[in-house]
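Visitor: This structure is in structure tokens; I'll ask about it shortly.
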Amino acid sequence: MTETPPFTVLADDTAYAEAVQLAVDSAAAYYADGTSTIDDDAYDRLVRGIQAYEEAHPEAVLPSSPTGKVAAGAVVGDVPHTVPMLSLDNVFGAEQLADWVAGLERRIGRPVTAWSVEPKLDGLAISARYRHGRLTQLVTRGDGTAGEDVSHAIGTVVGLPDRLADAVTVELRGEVMMTTSQFEEACAKRQAHDGTTFANPRSAAAGTLRTRERPYVCELTFFGYGVVPPPDDDSELATRLRELPHSEIMRWVAAQGVQTTAATPVAGIVAETLERVQERIGEIAATRPELPFGIDGIVIKCDLAADQAEAGFSSRAPRWAIAYKLPATEKITKLIGVEWNTGRTGVIAPRAVLEPVKLDGSTVTYATLHNVADITRRGLMLGDSVTVYKAGDVIPRVEAPVVHLRTGDEQPIPIPQVCPACGDAIDRSQERWRCVRGRGCQAIASIIYAVGRDQLDIEGLAENRIKQMLDAGLITDFADLFFLTREQLLDLERMGETSTDNLLAAIEQAKARPLSRVFAALGVRGTGRSMSRRIARHFATMDAIRAAGAEAIQQVEGIGPEKAPVVVAELIELAPLIDKLVQAGVNMTEPGATPPAEGDPVLSGLPLASMSVVVTGAMTGPLATLSRNEVNELIERAGGKASSSVSAKTSLLVAGEKAGSKRAKAETLGVRIVSPEEFAAEVSAFL
Ligand code: IVH
């Protein structure tokens, strides 16, 4: 056990405001259901740090500070709300939701036939007061009865215009948050200012909203979810806003020039049945990992004013709305180490070793840390508490250190001075560091990959055999395999005549593989198996690929302006290897594809034209002998796009035996599901 200082040292008003927000949030979560993300010890240190800062800076004390309050005090502000800003009750699954609906329908004595289903935005509730169409005041939720004036943020919140389309006097209610790009930008600004970053978009938004003076300005985003007309206003508009269905009100809000979620992939919809509500919940949940902002659930509201009026309110929350909570995708854990590995292409990549943490259905122990620049940008240190993000199939990644939880024991992360694999020098000219030996550093890894089942598929060429050949100087790369002689192989230890002849035959066979597999064998950075297939189908010949510039490469689906120049540079680097393959007589064309000059292959007549297909579970029937890669190749021959995860965009799921979560997700999303046998029949011409 290491001794830790008795309190967290807070550097400035920003760190202080964030610490206050974190303490208040943690206390609120703790008193509500015990789910605080920080442990008791860390919480105590945090509050003592807040106290120490307040003693030194009495002028900076925030009204919401937890110090000296019972149960850390719910946030109190000095601006009373015209109508209380309430919370929402929660449900955690389909059954609980159905129970809640049944209870509500009993209460109002009739079935609800219009539900508004919208995302639960993960930010801070705010009330934006407009007088005669002008934005005059911003108030936080506070304890629901009174909030804090944060009008200083006016002008920095995207989606919250200074003027509405009409000269109306209303209060708009909604969520203030940071989008992913606003968060990145805010982190960069803070990094440049004091060398630290924000823990996550929510705390960045909280800190930004509540810090009055900061030498740099960070942009925020607003999404509206409700309107409150002044309570004593009985004008035509106020009356109309009280009587309109929620969905109509949101259209009015958007027409005033205020941002709503309408233009996002998770736009609010009106559902007539509980089944449709559940389906929409599935769709929103499936879209979550790709959204450019955070959501932590789905809010289901009675759409009709009459239903809302009948249901009424409890002291805490409306009875006509409920939050369907989604599992957390972010947690705080400790960064206990950083491992450095040199990959197949010579890239040196750090990997975070974490104190294991349960996240979105799995235990996370390792997480991506991209590159050295990423570590410095985020100011990470060993021993830091870090926010870790994982959702769906996304690879877990370390988001940022939680600066307020520093104890003073954190250590700098050792950065390698030489290649961790071979000890040679490091090429630091690009953000992604590489061993100066490039692919040569991990030749064995490149060759194992190239001869693998989904690439050249050379049977009988195990790792120890490849090592033997490398050690004997017979090969330096996988193209050399095609020049091996019978005598050379027989000379190797433990290599008999039969195995030699079998291996030579397997190598000979590999020469005829389609271009997509030969290209995949090259291991071009940023292109895996499916990207290799797309490139090969698009260009049809290796000559056409090599002749393509960055612009032409971008015509391939999935290759953007960032990846294209990397692919071009890689092909230049790989030129000697490709030349050697050509010389050996390895096939360099893709069967059935035509080069782009003669027009893109016409896919529309194919059975899977423009369909996105996912395969899961064990294949049976005619597909039983195919590897997953071969099934994907089949999908693409038939005009479809093979994908590995089920989303709202999936057209078809081929579900074999033991299909698990993907099948469940497809069912929720209403994606068509077929058996391997049915699928084989649909694409039999391409088998
Ligand atoms: S309706 C009286 N709609 O969730 C109705 N709230 O847990 C309450 N939130 O304080 C608000 N997205 O900050 C509503 N689409 C949405 C929301 C939403 C996020 C927040 C809001 C509220 C909290 C309650």
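Ordering of the structure tokens sets the chain letters (A, B, ...); residue numbers start at 1 within each chain; ligands are numbered from 1 in the order shown.
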With only C-alpha atoms and all ligand atoms counted, collect every polymer residue having an atom within 8 Å of ligand 1; state the result as a PyMOL selection string.
Guide: chain A and resi 85-90+118-126+141+173-175+224-226+295+298-299+317-318+321+323
Visitor: Give the alpha helix (DSSP H) residues of stretch 169-384 of chain A, as DSSP finds them on the backbone, and put them as a ChimeraX atom specification.
Guide: /A:180-194,201-210,236-243,246-255,274-287,305-311,372-378
Visitor: Can you check which residues of stretch 425-655 of chain A DSSP gives as strand (DSSP E or B) on the backbone and send them as an mmCIF file with N, CA and C atoms, in the first residue's frame?
Guide:
```cif
data_model
loop_
_atom_site.group_PDB
_atom_site.id
_atom_site.type_symbol
_atom_site.label_atom_id
_atom_site.label_comp_id
_atom_site.auth_asym_id
_atom_site.auth_seq_id
_atom_site.Cartn_x
_atom_site.Cartn_y
_atom_site.Cartn_z
ATOM 1 N N ILE A 426 14.141 3.902 -33.474
ATOM 2 C CA ILE A 426 12.728 4.172 -33.769
ATOM 3 C C ILE A 426 12.642 5.322 -34.760
ATOM 4 N N ASP A 427 11.794 5.140 -35.772
ATOM 5 C CA ASP A 427 11.525 6.223 -36.719
ATOM 6 C C ASP A 427 10.379 7.047 -36.142
ATOM 7 N N ARG A 434 7.546 3.911 -35.708
ATOM 8 C CA ARG A 434 7.827 2.594 -36.297
ATOM 9 C C ARG A 434 9.276 2.222 -36.040
ATOM 10 N N CYS A 435 9.527 0.931 -35.997
ATOM 11 C CA CYS A 435 10.895 0.440 -35.927
ATOM 12 C C CYS A 435 11.553 0.780 -37.261
ATOM 13 N N THR A 541 -6.957 -5.505 -60.959
ATOM 14 C CA THR A 541 -5.578 -5.981 -61.167
ATOM 15 C C THR A 541 -4.628 -5.243 -60.236
ATOM 16 N N THR A 589 -4.661 -10.887 -60.422
ATOM 17 C CA THR A 589 -5.959 -10.392 -60.890
ATOM 18 C C THR A 589 -7.083 -10.948 -60.014
ATOM 19 N N SER A 612 -26.332 -5.194 -46.683
ATOM 20 C CA SER A 612 -25.293 -5.383 -45.686
ATOM 21 C C SER A 612 -25.628 -6.667 -44.916
ATOM 22 N N VAL A 613 -24.715 -7.639 -44.970
ATOM 23 C CA VAL A 613 -25.011 -8.968 -44.429
ATOM 24 C C VAL A 613 -24.056 -9.297 -43.277
ATOM 25 N N VAL A 614 -24.617 -9.823 -42.197
ATOM 26 C CA VAL A 614 -23.794 -10.237 -41.056
ATOM 27 C C VAL A 614 -23.967 -11.747 -40.874
ATOM 28 N N VAL A 615 -22.858 -12.446 -40.570
ATOM 29 C CA VAL A 615 -22.907 -13.887 -40.368
ATOM 30 C C VAL A 615 -22.536 -14.180 -38.921
ATOM 31 N N THR A 616 -23.298 -15.066 -38.281
ATOM 32 C CA THR A 616 -22.964 -15.396 -36.890
ATOM 33 C C THR A 616 -23.307 -16.859 -36.607
ATOM 34 N N ALA A 618 -22.433 -21.093 -35.904
ATOM 35 C CA ALA A 618 -21.762 -22.136 -36.681
ATOM 36 C C ALA A 618 -22.521 -22.387 -37.990
ATOM 37 N N LYS A 641 -22.395 -6.604 -48.963
ATOM 38 C CA LYS A 641 -21.282 -6.089 -48.169
ATOM 39 C C LYS A 641 -21.273 -6.905 -46.877
ATOM 40 N N ALA A 642 -20.133 -7.541 -46.585
ATOM 41 C CA ALA A 642 -20.055 -8.344 -45.356
ATOM 42 C C ALA A 642 -19.679 -7.440 -44.199
ATOM 43 N N SER A 643 -20.416 -7.558 -43.106
ATOM 44 C CA SER A 643 -20.132 -6.711 -41.957
ATOM 45 C C SER A 643 -20.086 -7.603 -40.720
ATOM 46 N N LEU A 652 -29.524 -8.234 -43.521
ATOM 47 C CA LEU A 652 -29.765 -9.670 -43.382
ATOM 48 C C LEU A 652 -28.788 -10.263 -42.378
ATOM 49 N N LEU A 653 -29.294 -11.160 -41.527
ATOM 50 C CA LEU A 653 -28.396 -11.879 -40.617
ATOM 51 C C LEU A 653 -28.463 -13.355 -40.954
ATOM 52 N N VAL A 654 -27.303 -13.957 -41.251
ATOM 53 C CA VAL A 654 -27.249 -15.393 -41.460
ATOM 54 C C VAL A 654 -26.877 -15.983 -40.096
ATOM 55 N N ALA A 655 -27.842 -16.642 -39.466
ATOM 56 C CA ALA A 655 -27.613 -17.112 -38.103
ATOM 57 C C ALA A 655 -27.524 -18.632 -38.075
#
```
Visitor: Do you know which residues are at most 10 Å from A:Glu310 counting only C-alpha atoms, after dropping those on the same chain fewer than 5 positions away, and could you put them as an mmCIF file with N, CA, C and O atoms, in the first residue's frame?
Guide:
```cif
data_model
loop_
_atom_site.group_PDB
_atom_site.id
_atom_site.type_symbol
_atom_site.label_atom_id
_atom_site.label_comp_id
_atom_site.auth_asym_id
_atom_site.auth_seq_id
_atom_site.Cartn_x
_atom_site.Cartn_y
_atom_site.Cartn_z
ATOM 1 N N LEU A 104 -49.276 2.848 -15.499
ATOM 2 C CA LEU A 104 -49.708 4.169 -15.964
ATOM 3 C C LEU A 104 -51.102 4.081 -16.607
ATOM 4 O O LEU A 104 -51.975 4.923 -16.353
ATOM 5 N N ARG A 107 -53.668 3.802 -14.067
ATOM 6 C CA ARG A 107 -53.868 5.086 -13.385
ATOM 7 C C ARG A 107 -54.783 6.013 -14.184
ATOM 8 O O ARG A 107 -55.669 6.659 -13.637
ATOM 9 N N ILE A 108 -54.540 6.075 -15.519
ATOM 10 C CA ILE A 108 -55.345 7.028 -16.308
ATOM 11 C C ILE A 108 -56.616 6.374 -16.867
ATOM 12 O O ILE A 108 -57.453 7.040 -17.460
ATOM 13 N N GLY A 109 -56.721 5.061 -16.678
ATOM 14 C CA GLY A 109 -57.953 4.368 -17.043
ATOM 15 C C GLY A 109 -58.169 4.172 -18.528
ATOM 16 O O GLY A 109 -59.295 3.956 -18.978
ATOM 17 N N ALA A 305 -51.100 15.691 -24.561
ATOM 18 C CA ALA A 305 -51.225 16.542 -23.375
ATOM 19 C C ALA A 305 -52.291 15.993 -22.425
ATOM 20 O O ALA A 305 -52.124 16.053 -21.202
ATOM 21 N N ARG A 319 -45.219 11.537 -13.909
ATOM 22 C CA ARG A 319 -45.655 10.140 -13.988
ATOM 23 C C ARG A 319 -45.906 9.721 -15.428
ATOM 24 O O ARG A 319 -46.195 8.565 -15.699
ATOM 25 N N TRP A 320 -45.825 10.700 -16.347
ATOM 26 C CA TRP A 320 -46.111 10.399 -17.751
ATOM 27 C C TRP A 320 -44.845 10.143 -18.581
ATOM 28 O O TRP A 320 -44.901 10.019 -19.795
#
```
Visitor: Contacts of stretch 180-185 of chain A at 6 Å or less, counting only C-alpha atoms, minus same-chain residues fewer than 2 places along, as an NGL selection string?
Guide: :A and (178 or 187-188 or 201 or 292-293)
Visitor: State, in Å with one decimal place, the distance from atom CA of A:Ser651 to atom CA of A:Val674.
Guide: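 Atom CA of A:Val674 lies 11.0 Å from atom CA of A:Ser651.
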Visitor: Extract, using only C-alpha atoms, all DNA, RNA and protein residues at most 10 Å from A:Arg163, discarding same-chain residues fewer than 3 positions from it, and format them as JSON, numbers by chain.
Guide: {"A": [130, 131, 132, 133, 134, 135, 136, 160, 166, 167, 168, 256, 257, 258]}
Visitor: Could you turn the residues from that selection into a file that holds C-alpha atoms, as a short mmCIF file (atom, residue, chain, number, x, y, z; two decimals), in the first residue's frame?
Guide:
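Resulting contents of result32.cif:
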```
data_model
loop_
_atom_site.label_atom_id
_atom_site.label_comp_id
_atom_site.auth_asym_id
_atom_site.auth_seq_id
_atom_site.Cartn_x
_atom_site.Cartn_y
_atom_site.Cartn_z
CA TYR A 130 -36.29 33.93 -23.81
CA ARG A 131 -38.04 37.31 -23.52
CA HIS A 132 -39.69 38.59 -26.67
CA GLY A 133 -37.59 36.14 -28.66
CA ARG A 134 -34.23 37.11 -27.11
CA LEU A 135 -32.14 34.82 -24.96
CA THR A 136 -31.84 36.57 -21.61
CA LEU A 160 -29.19 27.75 -28.64
CA ASP A 166 -40.75 34.63 -33.26
CA ALA A 167 -40.71 37.34 -30.57
CA VAL A 168 -42.06 34.97 -27.93
CA GLN A 256 -37.85 28.59 -33.73
CA GLY A 257 -34.28 27.77 -34.78
CA VAL A 258 -33.41 25.75 -31.69
#
```
Visitor: Would you pick out the contacts of A:Arg251 at 12 Å or less, using only C-alpha atoms, so that residues sharing its chain but fewer than 6 positions from it are not included, and give the list as a list in words?
Guide: Gly224, Tyr225, Gly226, Val227, Leu241, Leu244, Pro245, Gly257, Val258, Gln259, Thr260, Thr261, Ala262, Ala263, Ala267, Gly268 and Ile269 of chain A
Visitor: From the options A:Asp360, A:Thr345, A:Ile572, A:Pro591, which residue's atoms come nearest to A:Gly526, counting only C-alpha atoms?
Guide: A:Thr345
Visitor: Do you know which residues are at most 8 Å from stretch 546-550 of chain A counting only C-alpha atoms, after dropping those on the same chain fewer than 2 positions away, and could you put them as a PyMOL selection string?
Guide: chain A and resi 542-544+552-554+561+564-565+567-568+571
Visitor: What is the atom CA of A:Glu410-atom CA of A:Gly379 distance in Å, reported with one decimal?
Guide: 11.3 Å
